[in-house]
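Visitor: I am sharing target38.txt, which consists of compact mmCIF, C-alpha atoms:
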# COMPACT_ATOMS: atom_id res chain seq x y z
CA MET A 1 0.03 11.64 35.05
CA ASP A 2 3.62 11.48 33.82
CA ASP A 3 4.74 14.42 35.96
CA LEU A 4 2.93 13.14 39.05
CA LEU A 5 4.72 9.81 38.80
CA LEU A 6 8.07 11.52 38.19
CA ASP A 7 7.49 13.68 41.26
CA GLY A 8 6.96 10.56 43.38
CA TYR A 9 3.21 10.61 43.81
CA THR A 10 1.62 7.23 44.54
CA ALA A 11 -1.91 5.85 44.85
CA LEU A 12 -2.91 7.42 41.54
CA THR A 13 -6.13 6.50 39.73
CA VAL A 14 -6.95 7.26 36.09
CA LEU A 15 -10.54 6.92 34.95
CA ASP A 16 -11.55 7.12 31.29
CA LEU A 17 -14.54 6.02 29.27
CA SER A 18 -12.24 4.81 26.49
CA ALA A 19 -10.33 1.54 26.72
CA ALA A 20 -8.18 2.75 23.80
CA ALA A 21 -7.21 5.93 25.67
CA LEU A 22 -6.30 3.93 28.77
CA SER A 23 -4.22 1.50 26.70
CA ALA A 24 -2.37 4.36 25.01
CA ALA A 25 -1.58 5.93 28.39
CA LYS A 26 -0.36 2.61 29.77
CA ARG A 27 1.91 2.11 26.75
CA ARG A 28 3.28 5.64 27.10
CA LEU A 29 4.05 5.12 30.79
CA ASP A 30 5.55 1.68 30.17
CA SER A 31 6.70 0.13 33.48
CA ARG A 32 5.48 3.15 35.47
CA ALA A 33 1.88 2.18 34.54
CA ALA A 34 2.01 -0.53 37.20
CA GLY A 35 1.87 2.20 39.87
CA VAL A 36 -1.49 3.47 38.63
CA GLN A 37 -4.99 2.10 39.13
CA TRP A 38 -6.74 2.14 35.73
CA VAL A 39 -10.53 2.37 35.63
CA GLU A 40 -12.56 2.09 32.43
CA ALA A 41 -15.94 3.60 33.28
CA ASN A 42 -18.42 6.38 32.73
CA ILE A 43 -17.75 8.91 35.49
CA THR A 44 -21.47 9.49 36.00
CA THR A 45 -22.09 5.81 36.86
CA ALA A 46 -18.71 4.60 38.15
CA ALA A 47 -18.70 2.94 41.57
CA LEU A 48 -15.91 4.96 43.16
CA PRO A 49 -14.80 4.40 46.76
CA VAL A 50 -16.01 6.80 49.46
CA HIS A 51 -13.54 9.49 50.59
CA ALA A 52 -10.68 7.82 48.72
CA TYR A 53 -9.07 10.77 46.93
CA ASP A 54 -7.13 13.78 48.18
CA VAL A 55 -7.16 15.44 44.76
CA TRP A 56 -9.60 15.19 41.84
CA HIS A 57 -8.36 16.57 38.54
CA ASP A 58 -10.61 16.71 35.50
CA GLN A 59 -9.02 17.86 32.29
CA ALA A 60 -11.90 18.41 29.86
CA VAL A 61 -14.54 15.84 30.82
CA PHE A 62 -17.14 17.93 32.63
CA HIS A 63 -17.89 20.12 29.61
CA PHE A 64 -19.08 17.05 27.66
CA LEU A 65 -21.87 16.52 30.22
CA THR A 66 -24.66 18.48 28.56
CA ALA A 67 -27.64 17.01 30.45
CA PRO A 68 -28.34 18.35 33.96
CA ALA A 69 -28.73 14.79 35.32
CA GLU A 70 -25.25 13.87 34.04
CA ARG A 71 -23.70 16.91 35.69
CA GLN A 72 -25.51 16.18 38.94
CA ALA A 73 -24.28 12.56 38.90
CA TYR A 74 -20.73 13.79 38.28
CA VAL A 75 -20.89 16.24 41.20
CA GLU A 76 -22.28 13.50 43.44
CA ALA A 77 -19.36 11.25 42.43
CA VAL A 78 -16.92 14.01 43.42
CA LEU A 79 -18.72 14.58 46.73
CA ARG A 80 -18.71 10.86 47.53
CA SER A 81 -15.14 10.04 46.55
CA VAL A 82 -13.09 13.13 47.50
CA LYS A 83 -11.99 13.32 51.12
CA PRO A 84 -13.25 16.18 53.31
CA SER A 85 -11.03 19.22 52.63
CA GLY A 86 -9.84 17.50 49.43
CA GLN A 87 -8.87 19.51 46.37
CA VAL A 88 -10.90 19.56 43.15
CA ILE A 89 -9.50 20.96 39.90
CA VAL A 90 -11.80 21.05 36.89
CA ALA A 91 -10.95 22.40 33.43
CA THR A 92 -13.72 23.11 30.93
CA PHE A 93 -14.30 25.31 27.94
CA ASP A 94 -14.64 28.97 28.85
CA GLU A 95 -17.81 30.87 28.00
CA ASP A 96 -15.98 32.08 24.86
CA GLY A 97 -14.75 28.57 24.03
CA PRO A 98 -15.94 26.28 21.24
CA ALA A 99 -19.54 25.06 21.14
CA GLN A 100 -18.40 21.61 20.00
CA CYS A 101 -15.39 19.37 20.52
CA SER A 102 -14.63 16.34 18.34
CA GLY A 103 -18.10 16.73 16.84
CA PHE A 104 -19.89 16.61 20.21
CA PRO A 105 -21.79 19.51 21.81
CA VAL A 106 -20.22 20.89 24.98
CA MET A 107 -21.13 23.18 27.83
CA ARG A 108 -19.19 26.42 28.28
CA TYR A 109 -18.67 28.14 31.61
CA SER A 110 -17.42 31.21 33.36
CA ALA A 111 -15.55 30.43 36.59
CA ASN A 112 -18.62 31.42 38.64
CA GLU A 113 -20.96 29.29 36.53
CA LEU A 114 -18.67 26.28 36.87
CA HIS A 115 -18.40 26.75 40.63
CA THR A 116 -22.19 27.05 40.86
CA GLU A 117 -22.54 23.61 39.22
CA PHE A 118 -20.66 22.14 42.19
CA GLY A 119 -22.60 24.00 44.87
CA SER A 120 -21.79 25.35 48.30
CA SER A 121 -20.04 22.15 49.40
CA PHE A 122 -17.03 23.42 47.45
CA ILE A 123 -15.06 26.57 48.20
CA LEU A 124 -13.61 28.26 45.12
CA LEU A 125 -9.92 28.88 45.86
CA GLN A 126 -8.67 30.01 42.48
CA HIS A 127 -9.61 30.18 38.83
CA GLU A 128 -7.63 30.81 35.68
CA LYS A 129 -8.33 31.23 32.03
CA GLU A 130 -6.12 29.61 29.43
CA GLU A 131 -5.85 29.63 25.67
CA HIS A 132 -5.10 26.02 24.78
CA ARG A 133 -3.48 25.38 21.40
CA THR A 134 -4.59 22.05 19.89
CA LEU A 135 -2.48 19.72 17.77
CA PHE A 136 -4.22 21.26 14.76
CA GLY A 137 -3.11 24.77 15.71
CA THR A 138 -6.53 26.06 16.76
CA VAL A 139 -6.96 27.94 20.01
CA GLN A 140 -9.57 26.83 22.55
CA LYS A 141 -10.42 29.10 25.46
CA CYS A 142 -10.60 27.18 28.73
CA VAL A 143 -11.28 27.94 32.37
CA TYR A 144 -9.79 26.12 35.36
CA CYS A 145 -11.42 26.14 38.78
CA HIS A 146 -9.58 24.97 41.88
CA CYS A 147 -11.89 24.25 44.79
CA ARG A 148 -11.66 22.70 48.21
CA LYS A 149 -14.37 20.38 49.40
CA SER A 150 -15.83 21.53 52.70
CA SER A 151 -14.43 19.65 55.69
CA SER A 152 -17.95 19.24 57.08
CA CYS A 153 -19.51 18.16 53.81
CA ASP A 154 -22.07 15.34 53.90
CA HIS A 155 -21.15 13.27 50.84
CA SER A 156 -24.73 12.16 50.25
CA HIS A 157 -25.89 15.62 49.10
CA ALA A 158 -24.50 17.32 46.01
CA ARG A 159 -25.96 20.79 46.47
CA THR A 160 -27.26 22.86 49.35
Represent the structure contained in this file as structure tokens.

Guide:
Amino acid sequence: MDDLLLDGYTALTVLDLSAAALSAAKRRLDSRAAGVQWVEANITTAALPVHAYDVWHDQAVFHFLTAPAERQAYVEAVLRSVKPSGQVIVATFDEDGPAQCSGFPVMRYSANELHTEFGSSFILLQHEKEEHRTLFGTVQKCVYCHCRKSSSCDHSHART
């Protein structure tokens, strides 16, 4: 978020389940926080506007969705709210990543498995693996997938 604001991006939205996390981010950004729309919600039930976003970036939320219905609701939210031909970047734990994070079970994915979760409405453009070093010095293997939403995608259907 910090870099996007510094680079002059506008119309930014941050969604988080945690009011404390949102407050911490607002404090960190100080006066720049006024240029961001802050949404406290569960991504699987949030009422997001239709075709409102050019880019969707998820840094480590999707892997916490362990129930198929949660993942389906998430994908439907992306389909509904990302503009046709919009960009979707999702980072999760890699198939060799940890089985838990902060005491919670997580899903682990290869790039192909992650792309499959989103279905044929998304074109996989690029994927990368990363070894993320935590504040505690441990290494977590992650995978990033960068997709483009189909320009002809019907936002009412998550998978075809």

Visitor: Which is closer to A:Asp96 than all the others in A:Ser120, A:Gln140, A:Gln37, A:Asn112, using all atoms listed in the file?

Guide: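 Among the listed residues, A:Gln140 lies closest to A:Asp96.
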
Visitor: For the point (-16.9, 25.2, 30.3) in file coordinates, what residues are within 7 Å, counting all atoms listed in the file? Give the answer as number ranges by chain?

Guide: A: 63, 92-95, 107-110, 114, 142-143

Visitor: Between atom CA of A:Asp16 and atom CA of A:Lys141, what is the distance in Å, rounded to a tenth?

Guide: 22.8 Å

Visitor: Just checking: using all atoms listed in the file, which residue out of A:Leu124, A:Ala47, A:Leu15, A:Val106 ends up closest to A:Ala67?

Guide: A:Val106

Visitor: Using all atoms listed in the file for the distances, tell me which of A:Glu113, A:Glu40, A:Asp7, A:Asp2 is nearest to A:His127.

Guide: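 Among A:Glu113, A:Glu40, A:Asp7, A:Asp2, it is A:Glu113 that comes nearest to A:His127.
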
Visitor: Which residue is closest to A:Ala21? Choose from A:Ser81, A:Asp58, A:Val39, A:Pro98 and count only C-alpha atoms.

Guide: A:Val39

Visitor: Which residues, written as a list in words, have at least one atom at most 9 Å from A:Leu65, with only C-alpha atoms counted and residues fewer than 4 positions away on the same chain left out?

Guide: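 The filter keeps Val61, Ala69, Glu70, Arg71, Tyr74, Pro105, Val106 and Met107 of chain A.
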
Visitor: Could you list, as a compact mmCIF listing (two decimals) with C-alpha atoms, keeping the file's coordinate frame, every residue within 9 Å of A:Thr45, counting only C-alpha atoms and ignoring same-chain residues fewer than 4 positions away?

Guide:
# COMPACT_ATOMS: atom_id res chain seq x y z
CA ALA A 41 -15.94 3.60 33.28
CA ALA A 73 -24.28 12.56 38.90
CA TYR A 74 -20.73 13.79 38.28
CA ALA A 77 -19.36 11.25 42.43

Visitor: For A:Ser150, which residue among A:Val78, A:Ala99, A:Ala11, A:Ala20 is the nearest when counting all atoms listed in the file?

Guide: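 The closest residue to A:Ser150 is A:Val78.
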
Visitor: Between A:Ile123, A:Ile43, A:Val82, A:Cys101, single out the one closest to A:Thr138, counting only C-alpha atoms.

Guide: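 Residue with the minimum atom-to-atom distance to A:Thr138: A:Cys101.
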
Visitor: Any idea what the distance is between atom CA of A:Pro84 and atom CA of A:Arg148?

Guide: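 Pair atom CA of A:Pro84 / atom CA of A:Arg148 returns 8.4 Å.
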